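For reference, the structure is listed below as structure tokens.
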Amino acid sequence: MSLSKALSLLPRRYLLEEPTPIQRLHGIENALASSLGGVRIYVKRDDLTSLGGGGNKLRKLEFLLGDAVARGADTIIATGGRQSNFARLAAAAAASLGLACEVVLARMVPRAGAEYDRNGNVLLDDLFGALIHHLSPGEDSTRFAGARAEQLSRAGRTAYVATLGGSSAVGSVGYAACALEIQTQSNNLGIDFDAVVVPNGSSGTQAGLVAGYCALGLDTTRVRSHSVLAPAASANAATVEKANAALALLGFDPSLTSDDVKVSGDQLGRGYGLPTPAMVDAVRLMASRQGLLIDPVYSGKALAGLLADISAGQFNAGDNVLFIMTGGSPGLYAYASHFLGEDHENLS
């Protein structure tokens, strides 16, 4: 069975109007010039989606909400960190489909204050009409969401729980669909991408791409990631597990191993959501040379990793590298002090 056919058999609610464009980053190439060693950098604009401020989580939500509606759900419960892009887009997508939404926001980053607690994605969660549950440090968001779903059930409602980042097998399938989209665009553009680079947080984006590449008979190690949440070994293991789960859901052989997945932990810094100087530089470079906004938690660190890998000679002259721009720019407003030069002490 083809990947296209396998995808068509799963419940899906379309949230993206069309394939997101692939563009060459001429501004960055011109700025870095000889240091790129002849490597060409392209970007897939998964930030360029109209719903909810845009971002890669919509691909996961297409299948998660398809599954939820198929199960008769009237309420979506999404979990994530305080500044979760997934929670924001779950709230927006639920609003567009006429579903109730509750977001469970855990304290995953040791930050506080109005800038972080009330701005960025948190502000948008409220605007999209979500009921927000703010957890205390140490509270388990998955357990809370499950208990809340049971409470709603007793009240006669049907809740669908979408856990951290939407990176279940169902959610990860969204990026298997993206792998098919990339391959179609690659053929149409006449460009063979030697690597596809993504951030790895809850692992679902890379897992879906790896599953998609595997189903298409392509080299899965072309999909590279930079971990922003866990050490590389843990991120690799989680990615393998989720990629195999996505393959099984699609009806393909789930036989991937750690050798089939490439994850770097070089840009993690002090941990999830904690800025690094390389991230700040990458965000500023993309903004000042391309006019594009990338977020400080995911794409900022991943772009910093890609540029470091190019500088270290991990690519050859003439290679075409595709960077997945995952969106999340509302998060910039929750980290304003780092970009305004007011919080140098907390850069690692």
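All residue names refer to the structure tokens as shown: chains lettered A, B, ... in order, residues numbered from 1 in each chain, ligands numbered from 1 in order.
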
As a VMD selection string, please: the residues near Gln314 in chain A (cut-off 12 Å, only C-alpha atoms, same-chain neighbours under 5 positions excluded). chain A and resid 36 to 37 39 194 to 195 224 305 to 309 319 321

Selection export as a short mmCIF file (atom, residue, chain, number, x, y, z; two decimals), in the first residue's frame, atoms kept: all heavy atoms:
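Listing of result-v1.cif after writing:
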```
data_model
loop_
_atom_site.label_atom_id
_atom_site.label_comp_id
_atom_site.auth_asym_id
_atom_site.auth_seq_id
_atom_site.Cartn_x
_atom_site.Cartn_y
_atom_site.Cartn_z
N LEU A 36 29.72 29.04 4.37
CA LEU A 36 28.79 27.96 4.05
C LEU A 36 29.43 26.88 3.20
O LEU A 36 28.88 25.78 3.08
CB LEU A 36 27.57 28.53 3.31
CG LEU A 36 26.61 29.40 4.13
CD1 LEU A 36 25.48 29.90 3.25
CD2 LEU A 36 26.06 28.64 5.32
N GLY A 37 30.56 27.17 2.60
CA GLY A 37 31.26 26.15 1.82
C GLY A 37 30.47 25.63 0.63
O GLY A 37 30.62 24.47 0.25
N VAL A 39 27.19 25.21 0.49
CA VAL A 39 25.93 24.56 0.87
C VAL A 39 24.77 25.52 0.60
O VAL A 39 24.85 26.72 0.90
CB VAL A 39 25.95 24.17 2.36
CG1 VAL A 39 24.61 23.60 2.80
CG2 VAL A 39 27.07 23.17 2.63
N ASP A 194 19.50 16.91 0.45
CA ASP A 194 20.44 16.00 1.08
C ASP A 194 20.17 15.83 2.56
O ASP A 194 20.59 14.85 3.17
CB ASP A 194 21.87 16.51 0.86
CG ASP A 194 22.22 16.58 -0.61
OD1 ASP A 194 22.54 15.53 -1.20
OD2 ASP A 194 22.15 17.69 -1.18
N ALA A 195 19.50 16.81 3.15
CA ALA A 195 19.12 16.73 4.57
C ALA A 195 17.88 17.57 4.81
O ALA A 195 17.66 18.59 4.14
CB ALA A 195 20.26 17.21 5.46
N ARG A 224 17.37 15.07 10.02
CA ARG A 224 18.24 15.35 11.18
C ARG A 224 17.52 16.29 12.13
O ARG A 224 16.76 17.16 11.69
CB ARG A 224 19.54 16.00 10.74
CG ARG A 224 20.35 15.22 9.72
CD ARG A 224 21.65 15.93 9.47
NE ARG A 224 22.51 15.24 8.52
CZ ARG A 224 23.79 15.53 8.33
NH1 ARG A 224 24.36 16.52 9.03
NH2 ARG A 224 24.52 14.87 7.45
N GLY A 305 21.89 25.05 15.33
CA GLY A 305 22.54 23.76 15.13
C GLY A 305 22.89 23.50 13.68
O GLY A 305 23.98 23.00 13.37
N LEU A 306 21.97 23.85 12.79
CA LEU A 306 22.24 23.66 11.36
C LEU A 306 23.45 24.49 10.93
O LEU A 306 24.35 23.98 10.25
CB LEU A 306 21.02 24.06 10.54
CG LEU A 306 21.23 24.18 9.02
CD1 LEU A 306 21.73 22.88 8.43
CD2 LEU A 306 19.94 24.63 8.35
N LEU A 307 23.49 25.75 11.33
CA LEU A 307 24.61 26.61 10.94
C LEU A 307 25.92 26.12 11.54
O LEU A 307 26.97 26.18 10.88
CB LEU A 307 24.32 28.05 11.37
CG LEU A 307 23.09 28.70 10.72
CD1 LEU A 307 22.89 30.12 11.25
CD2 LEU A 307 23.22 28.71 9.20
N ALA A 308 25.86 25.61 12.77
CA ALA A 308 27.08 25.06 13.39
C ALA A 308 27.55 23.82 12.65
O ALA A 308 28.75 23.61 12.44
CB ALA A 308 26.82 24.74 14.86
N ASP A 309 26.62 22.97 12.22
CA ASP A 309 26.97 21.76 11.47
C ASP A 309 27.60 22.10 10.12
O ASP A 309 28.56 21.45 9.69
CB ASP A 309 25.73 20.88 11.26
CG ASP A 309 25.27 20.19 12.53
OD1 ASP A 309 26.03 20.18 13.51
OD2 ASP A 309 24.14 19.66 12.53
N ASP A 319 25.51 20.67 -1.56
CA ASP A 319 24.40 20.03 -0.86
C ASP A 319 23.23 21.00 -0.72
O ASP A 319 23.42 22.21 -0.49
CB ASP A 319 24.83 19.57 0.53
CG ASP A 319 25.56 18.24 0.53
OD1 ASP A 319 25.69 17.65 -0.55
OD2 ASP A 319 26.00 17.81 1.62
N VAL A 321 20.09 21.72 1.64
CA VAL A 321 19.59 21.43 2.99
C VAL A 321 18.26 22.14 3.18
O VAL A 321 18.14 23.34 2.91
CB VAL A 321 20.59 21.87 4.06
CG1 VAL A 321 20.05 21.57 5.45
CG2 VAL A 321 21.94 21.17 3.86
#
```

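By chain and then residue number, the residues within 12 Å of Phe252 in chain A are A:Met1, A:Ser2, A:Leu3, A:Lys5, A:Ala6, A:Leu7, A:Ala176, A:Ala211, A:Gly212, A:Tyr213, A:Cys214, A:Ala215, A:Leu216, A:Gly217, A:Ala243, A:Asn244, A:Ala245, A:Ala246, counting only C-alpha atoms and disregarding those fewer than 6 positions away in sequence.
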
Take the residues just selected and output them with C-alpha atoms as a PDB file, in the first residue's frame.
```pdb
ATOM      1  CA  MET A   1       0.000   0.000   0.000  1.00  0.00           C
ATOM      2  CA  SER A   2       1.254   3.489  -0.819  1.00  0.00           C
ATOM      3  CA  LEU A   3       1.776   6.129   1.851  1.00  0.00           C
ATOM      4  CA  LYS A   5      -3.401   5.532   0.337  1.00  0.00           C
ATOM      5  CA  ALA A   6      -2.536   4.739   3.954  1.00  0.00           C
ATOM      6  CA  LEU A   7      -2.996   8.389   4.943  1.00  0.00           C
ATOM      7  CA  ALA A 176       4.461  11.460   7.620  1.00  0.00           C
ATOM      8  CA  ALA A 211       8.135   7.276   9.315  1.00  0.00           C
ATOM      9  CA  GLY A 212       7.154   9.007   6.095  1.00  0.00           C
ATOM     10  CA  TYR A 213      10.613   8.660   4.590  1.00  0.00           C
ATOM     11  CA  CYS A 214      10.660   4.999   5.573  1.00  0.00           C
ATOM     12  CA  ALA A 215       7.237   4.390   3.987  1.00  0.00           C
ATOM     13  CA  LEU A 216       8.459   6.103   0.815  1.00  0.00           C
ATOM     14  CA  GLY A 217      11.575   3.928   0.684  1.00  0.00           C
ATOM     15  CA  ALA A 243       8.181   6.630  14.343  1.00  0.00           C
ATOM     16  CA  ASN A 244       7.526   2.904  14.670  1.00  0.00           C
ATOM     17  CA  ALA A 245       4.138   3.589  16.249  1.00  0.00           C
ATOM     18  CA  ALA A 246       3.252   5.874  13.332  1.00  0.00           C
TER      19      ALA A 246
END
```

Do you know which residues are at most 8 Å from range 136-147 of chain A counting only C-alpha atoms, after dropping those on the same chain fewer than 3 positions away, and could you put them as a PDB file with all heavy atoms, in the first residue's frame?
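Listing of part.pdb after writing:
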```pdb
ATOM      1  N   ILE A  77      -8.783  18.441  25.109  1.00  0.00           N
ATOM      2  CA  ILE A  77      -7.901  18.814  26.216  1.00  0.00           C
ATOM      3  C   ILE A  77      -6.466  18.656  25.728  1.00  0.00           C
ATOM      4  O   ILE A  77      -6.034  17.555  25.400  1.00  0.00           O
ATOM      5  CB  ILE A  77      -8.133  17.929  27.454  1.00  0.00           C
ATOM      6  CG1 ILE A  77      -9.584  18.034  27.926  1.00  0.00           C
ATOM      7  CG2 ILE A  77      -7.181  18.347  28.574  1.00  0.00           C
ATOM      8  CD1 ILE A  77      -9.904  17.138  29.111  1.00  0.00           C
ATOM      9  N   ALA A  78      -5.749  19.765  25.642  1.00  0.00           N
ATOM     10  CA  ALA A  78      -4.375  19.760  25.137  1.00  0.00           C
ATOM     11  C   ALA A  78      -3.414  20.091  26.272  1.00  0.00           C
ATOM     12  O   ALA A  78      -3.666  21.004  27.062  1.00  0.00           O
ATOM     13  CB  ALA A  78      -4.219  20.770  24.005  1.00  0.00           C
ATOM     14  N   THR A  79      -2.308  19.362  26.343  1.00  0.00           N
ATOM     15  CA  THR A  79      -1.319  19.617  27.377  1.00  0.00           C
ATOM     16  C   THR A  79      -0.035  20.155  26.767  1.00  0.00           C
ATOM     17  O   THR A  79       0.284  19.896  25.609  1.00  0.00           O
ATOM     18  CB  THR A  79      -0.989  18.344  28.180  1.00  0.00           C
ATOM     19  OG1 THR A  79      -0.232  17.437  27.364  1.00  0.00           O
ATOM     20  CG2 THR A  79      -2.250  17.648  28.662  1.00  0.00           C
ATOM     21  N   GLY A  80       0.701  20.920  27.569  1.00  0.00           N
ATOM     22  CA  GLY A  80       1.970  21.468  27.102  1.00  0.00           C
ATOM     23  C   GLY A  80       2.596  22.328  28.175  1.00  0.00           C
ATOM     24  O   GLY A  80       2.083  22.427  29.302  1.00  0.00           O
ATOM     25  N   VAL A 104      -3.968  22.491  29.382  1.00  0.00           N
ATOM     26  CA  VAL A 104      -3.336  22.205  30.667  1.00  0.00           C
ATOM     27  C   VAL A 104      -1.871  22.575  30.529  1.00  0.00           C
ATOM     28  O   VAL A 104      -1.111  21.917  29.814  1.00  0.00           O
ATOM     29  CB  VAL A 104      -3.490  20.713  31.034  1.00  0.00           C
ATOM     30  CG1 VAL A 104      -2.836  20.429  32.378  1.00  0.00           C
ATOM     31  CG2 VAL A 104      -4.966  20.317  31.049  1.00  0.00           C
ATOM     32  N   LEU A 105      -1.469  23.662  31.196  1.00  0.00           N
ATOM     33  CA  LEU A 105      -0.136  24.217  31.015  1.00  0.00           C
ATOM     34  C   LEU A 105       0.733  23.922  32.234  1.00  0.00           C
ATOM     35  O   LEU A 105       0.449  24.379  33.351  1.00  0.00           O
ATOM     36  CB  LEU A 105      -0.217  25.728  30.787  1.00  0.00           C
ATOM     37  CG  LEU A 105      -1.108  26.177  29.609  1.00  0.00           C
ATOM     38  CD1 LEU A 105      -1.071  27.695  29.476  1.00  0.00           C
ATOM     39  CD2 LEU A 105      -0.680  25.502  28.315  1.00  0.00           C
ATOM     40  N   ALA A 106       1.789  23.160  32.000  1.00  0.00           N
ATOM     41  CA  ALA A 106       2.696  22.758  33.073  1.00  0.00           C
ATOM     42  C   ALA A 106       3.877  23.719  33.178  1.00  0.00           C
ATOM     43  O   ALA A 106       4.229  24.404  32.212  1.00  0.00           O
ATOM     44  CB  ALA A 106       3.211  21.341  32.823  1.00  0.00           C
ATOM     45  N   ARG A 107       4.485  23.742  34.339  1.00  0.00           N
ATOM     46  CA  ARG A 107       5.688  24.540  34.568  1.00  0.00           C
ATOM     47  C   ARG A 107       6.904  23.717  34.132  1.00  0.00           C
ATOM     48  O   ARG A 107       7.507  23.007  34.919  1.00  0.00           O
ATOM     49  CB  ARG A 107       5.812  24.906  36.039  1.00  0.00           C
ATOM     50  CG  ARG A 107       4.891  26.025  36.475  1.00  0.00           C
ATOM     51  CD  ARG A 107       5.449  27.363  36.046  1.00  0.00           C
ATOM     52  NE  ARG A 107       4.598  28.465  36.493  1.00  0.00           N
ATOM     53  CZ  ARG A 107       4.780  29.718  36.123  1.00  0.00           C
ATOM     54  NH1 ARG A 107       5.769  30.019  35.297  1.00  0.00           N
ATOM     55  NH2 ARG A 107       3.980  30.666  36.555  1.00  0.00           N
ATOM     56  N   MET A 108       7.277  23.817  32.851  1.00  0.00           N
ATOM     57  CA  MET A 108       8.404  23.061  32.315  1.00  0.00           C
ATOM     58  C   MET A 108       9.687  23.880  32.243  1.00  0.00           C
ATOM     59  O   MET A 108      10.764  23.345  32.009  1.00  0.00           O
ATOM     60  CB  MET A 108       8.055  22.533  30.922  1.00  0.00           C
ATOM     61  CG  MET A 108       6.891  21.563  30.899  1.00  0.00           C
ATOM     62  SD  MET A 108       6.445  21.039  29.232  1.00  0.00           S
ATOM     63  CE  MET A 108       7.953  20.173  28.720  1.00  0.00           C
ATOM     64  N   GLU A 150     -12.248  12.608  32.830  1.00  0.00           N
ATOM     65  CA  GLU A 150     -13.213  11.807  33.580  1.00  0.00           C
ATOM     66  C   GLU A 150     -14.280  12.684  34.220  1.00  0.00           C
ATOM     67  O   GLU A 150     -15.465  12.332  34.245  1.00  0.00           O
ATOM     68  CB  GLU A 150     -12.477  11.001  34.653  1.00  0.00           C
ATOM     69  CG  GLU A 150     -11.585   9.893  34.083  1.00  0.00           C
ATOM     70  CD  GLU A 150     -10.863   9.130  35.176  1.00  0.00           C
ATOM     71  OE1 GLU A 150     -11.123   9.406  36.369  1.00  0.00           O
ATOM     72  OE2 GLU A 150     -10.035   8.269  34.826  1.00  0.00           O
ATOM     73  N   GLN A 151     -13.873  13.841  34.723  1.00  0.00           N
ATOM     74  CA  GLN A 151     -14.823  14.776  35.321  1.00  0.00           C
ATOM     75  C   GLN A 151     -15.829  15.255  34.280  1.00  0.00           C
ATOM     76  O   GLN A 151     -17.042  15.323  34.554  1.00  0.00           O
ATOM     77  CB  GLN A 151     -14.054  15.968  35.905  1.00  0.00           C
ATOM     78  CG  GLN A 151     -14.928  16.974  36.630  1.00  0.00           C
ATOM     79  CD  GLN A 151     -14.115  18.137  37.179  1.00  0.00           C
ATOM     80  OE1 GLN A 151     -13.069  18.488  36.632  1.00  0.00           O
ATOM     81  NE2 GLN A 151     -14.580  18.732  38.269  1.00  0.00           N
ATOM     82  N   VAL A 161      -8.176  13.715  24.874  1.00  0.00           N
ATOM     83  CA  VAL A 161      -6.935  14.235  25.444  1.00  0.00           C
ATOM     84  C   VAL A 161      -5.800  14.119  24.433  1.00  0.00           C
ATOM     85  O   VAL A 161      -5.498  13.037  23.928  1.00  0.00           O
ATOM     86  CB  VAL A 161      -6.570  13.484  26.743  1.00  0.00           C
ATOM     87  CG1 VAL A 161      -5.230  13.988  27.278  1.00  0.00           C
ATOM     88  CG2 VAL A 161      -7.670  13.666  27.785  1.00  0.00           C
ATOM     89  N   THR A 163      -1.941  14.788  24.373  1.00  0.00           N
ATOM     90  CA  THR A 163      -0.859  15.049  25.312  1.00  0.00           C
ATOM     91  C   THR A 163       0.299  15.802  24.661  1.00  0.00           C
ATOM     92  O   THR A 163       0.268  16.136  23.483  1.00  0.00           O
ATOM     93  CB  THR A 163      -0.350  13.740  25.929  1.00  0.00           C
ATOM     94  OG1 THR A 163      -0.018  12.820  24.879  1.00  0.00           O
ATOM     95  CG2 THR A 163      -1.406  13.105  26.803  1.00  0.00           C
ATOM     96  N   LEU A 164       1.326  16.040  25.460  1.00  0.00           N
ATOM     97  CA  LEU A 164       2.451  16.932  25.177  1.00  0.00           C
ATOM     98  C   LEU A 164       2.838  17.016  23.706  1.00  0.00           C
ATOM     99  O   LEU A 164       3.306  16.056  23.107  1.00  0.00           O
ATOM    100  CB  LEU A 164       3.664  16.493  25.996  1.00  0.00           C
ATOM    101  CG  LEU A 164       4.880  17.414  25.958  1.00  0.00           C
ATOM    102  CD1 LEU A 164       4.547  18.763  26.582  1.00  0.00           C
ATOM    103  CD2 LEU A 164       6.054  16.776  26.685  1.00  0.00           C
TER     104      LEU A 164
END
```

Looking only at strand (DSSP E or B) from DSSP on the backbone, list the matching residues of range 85-269 of chain A as a PyMOL selection string. chain A and resi 100-106+131-134+159-162+195-200+223-227+262-264

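CA of Leu123 in chain A to CA of Arg270 in chain A spans 26.3 Å [interatomic distance, one decimal].
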
Please list as number ranges by chain every residue within 7 Å of range 40-50 of chain A, counting only C-alpha atoms and excluding residues in the same chain fewer than 2 positions away. A: 16, 20-25, 38, 52-56, 318-327

Near-Leu124 in chain A list (7 Å; only C-alpha atoms; drop same-chain fewer than 4 positions) as an MDAnalysis selection string: chainID A and resid 88 120 128

Who sits within 12 Å of Ser234 in chain A, only C-alpha atoms, same chain under 2 positions skipped, as a short mmCIF file (atom, residue, chain, number, x, y, z; two decimals) with N, CA, C and O atoms, in the first residue's frame:
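Output file result_19.cif follows:
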```
data_model
loop_
_atom_site.label_atom_id
_atom_site.label_comp_id
_atom_site.auth_asym_id
_atom_site.auth_seq_id
_atom_site.Cartn_x
_atom_site.Cartn_y
_atom_site.Cartn_z
N ASN A 200 13.74 18.98 17.70
CA ASN A 200 13.13 17.80 18.32
C ASN A 200 12.78 18.15 19.76
O ASN A 200 13.66 18.30 20.60
N GLY A 201 11.48 18.30 20.03
CA GLY A 201 11.01 18.56 21.38
C GLY A 201 10.35 17.31 21.93
O GLY A 201 10.99 16.46 22.54
N SER A 202 9.06 17.16 21.65
CA SER A 202 8.36 15.94 22.06
C SER A 202 8.51 14.83 21.02
O SER A 202 7.88 13.78 21.14
N SER A 203 9.35 15.04 20.03
CA SER A 203 9.81 14.03 19.05
C SER A 203 8.84 13.72 17.92
O SER A 203 9.21 13.02 16.97
N SER A 227 17.92 18.43 19.37
CA SER A 227 17.03 18.29 20.52
C SER A 227 16.97 19.59 21.31
O SER A 227 18.00 20.23 21.58
N VAL A 228 15.76 19.97 21.72
CA VAL A 228 15.57 21.16 22.54
C VAL A 228 14.95 20.81 23.90
O VAL A 228 14.73 21.69 24.72
N LEU A 229 14.68 19.52 24.12
CA LEU A 229 14.00 19.10 25.35
C LEU A 229 14.80 18.08 26.16
O LEU A 229 14.92 18.22 27.38
N ALA A 230 15.33 17.06 25.51
CA ALA A 230 15.97 15.96 26.22
C ALA A 230 17.38 15.73 25.68
O ALA A 230 17.70 16.15 24.57
N PRO A 231 18.24 15.04 26.44
CA PRO A 231 19.55 14.65 25.92
C PRO A 231 19.38 13.83 24.64
O PRO A 231 18.35 13.17 24.43
N ALA A 232 20.39 13.86 23.79
CA ALA A 232 20.28 13.25 22.46
C ALA A 232 19.86 11.78 22.52
O ALA A 232 19.03 11.34 21.72
N ASN A 236 16.54 10.38 20.81
CA ASN A 236 16.65 9.37 19.75
C ASN A 236 15.71 8.21 20.05
O ASN A 236 14.95 7.77 19.17
N ALA A 237 15.74 7.72 21.28
CA ALA A 237 14.90 6.58 21.66
C ALA A 237 13.42 6.92 21.51
O ALA A 237 12.63 6.11 21.01
N ALA A 238 13.02 8.12 21.96
CA ALA A 238 11.63 8.53 21.85
C ALA A 238 11.20 8.66 20.39
O ALA A 238 10.09 8.30 20.02
N THR A 239 12.10 9.16 19.56
CA THR A 239 11.79 9.34 18.15
C THR A 239 11.61 8.00 17.46
O THR A 239 10.68 7.81 16.66
N VAL A 240 12.49 7.04 17.75
CA VAL A 240 12.37 5.69 17.18
C VAL A 240 11.04 5.07 17.58
O VAL A 240 10.31 4.51 16.74
N GLU A 241 10.70 5.16 18.87
CA GLU A 241 9.46 4.56 19.37
C GLU A 241 8.24 5.17 18.67
O GLU A 241 7.33 4.45 18.22
N SER A 258 17.68 2.71 16.34
CA SER A 258 18.37 3.97 16.64
C SER A 258 19.31 4.39 15.52
O SER A 258 19.59 5.58 15.35
N VAL A 261 17.85 6.96 12.93
CA VAL A 261 17.43 8.29 13.40
C VAL A 261 18.66 9.09 13.82
O VAL A 261 19.53 8.57 14.53
N LYS A 262 18.73 10.34 13.39
CA LYS A 262 19.86 11.21 13.72
C LYS A 262 19.38 12.39 14.56
O LYS A 262 18.57 13.20 14.11
N VAL A 263 19.88 12.44 15.80
CA VAL A 263 19.53 13.52 16.73
C VAL A 263 20.81 14.07 17.34
O VAL A 263 21.66 13.32 17.79
N SER A 264 20.94 15.39 17.37
CA SER A 264 22.06 16.05 18.03
C SER A 264 21.56 16.76 19.28
O SER A 264 20.47 17.35 19.28
N GLY A 265 22.35 16.72 20.33
CA GLY A 265 22.01 17.44 21.56
C GLY A 265 22.89 18.65 21.79
O GLY A 265 22.87 19.24 22.87
#
```

DSSP helix (DSSP H, G or I) residues within range 290-338 of chain A, listed as an mmCIF file with C-alpha atoms, in the first residue's frame:
```cif
data_model
loop_
_atom_site.group_PDB
_atom_site.id
_atom_site.type_symbol
_atom_site.label_atom_id
_atom_site.label_comp_id
_atom_site.auth_asym_id
_atom_site.auth_seq_id
_atom_site.Cartn_x
_atom_site.Cartn_y
_atom_site.Cartn_z
ATOM 1 C CA GLN A 290 15.498 37.251 5.682
ATOM 2 C CA SER A 299 13.476 26.683 15.505
ATOM 3 C CA GLY A 300 15.964 29.134 17.020
ATOM 4 C CA LYS A 301 18.058 26.350 18.493
ATOM 5 C CA ALA A 302 17.586 24.103 15.457
ATOM 6 C CA LEU A 303 18.786 26.805 13.054
ATOM 7 C CA ALA A 304 21.751 27.484 15.326
ATOM 8 C CA GLY A 305 22.536 23.761 15.127
ATOM 9 C CA LEU A 306 22.243 23.658 11.356
ATOM 10 C CA LEU A 307 24.607 26.613 10.942
ATOM 11 C CA ALA A 308 27.078 25.061 13.389
ATOM 12 C CA ASP A 309 26.972 21.758 11.471
ATOM 13 C CA ILE A 310 27.628 23.541 8.187
ATOM 14 C CA SER A 311 30.526 25.438 9.739
ATOM 15 C CA SER A 329 6.807 33.316 16.762
ATOM 16 C CA PRO A 330 4.321 34.344 19.533
ATOM 17 C CA GLY A 331 6.886 32.871 21.918
ATOM 18 C CA LEU A 332 9.294 35.684 21.049
ATOM 19 C CA TYR A 333 7.175 38.072 23.096
ATOM 20 C CA ALA A 334 7.585 35.871 26.164
ATOM 21 C CA TYR A 335 11.383 36.123 25.794
ATOM 22 C CA ALA A 336 11.618 39.814 24.893
ATOM 23 C CA SER A 337 14.202 40.644 27.546
ATOM 24 C CA HIS A 338 16.716 38.250 25.987
#
```

Report as a PyMOL selection string all protein, DNA and RNA residues lying within 12 Å of Thr276 in chain A, evaluated on only C-alpha atoms, omitting residues in the same chain fewer than 3 positions from it. chain A and resi 228+266-273+279-283+296-298+300-302+304-305+335+338-339+343-348

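Here the question is which of A:Leu89, A:Leu99, A:Val122, A:Ala233 gets nearest to His134 in chain A using only C-alpha atoms, and that residue is A:Val122.
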
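Take CA of Val196 in chain A and CA of Arg222 in chain A: the distance between them is 6.0 Å.
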
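Among the candidate residues A:Gly156, A:Gly291, A:Gly313, A:Gly129, the one lying nearest to Asp74 in chain A is A:Gly156, with distances computed using only C-alpha atoms.
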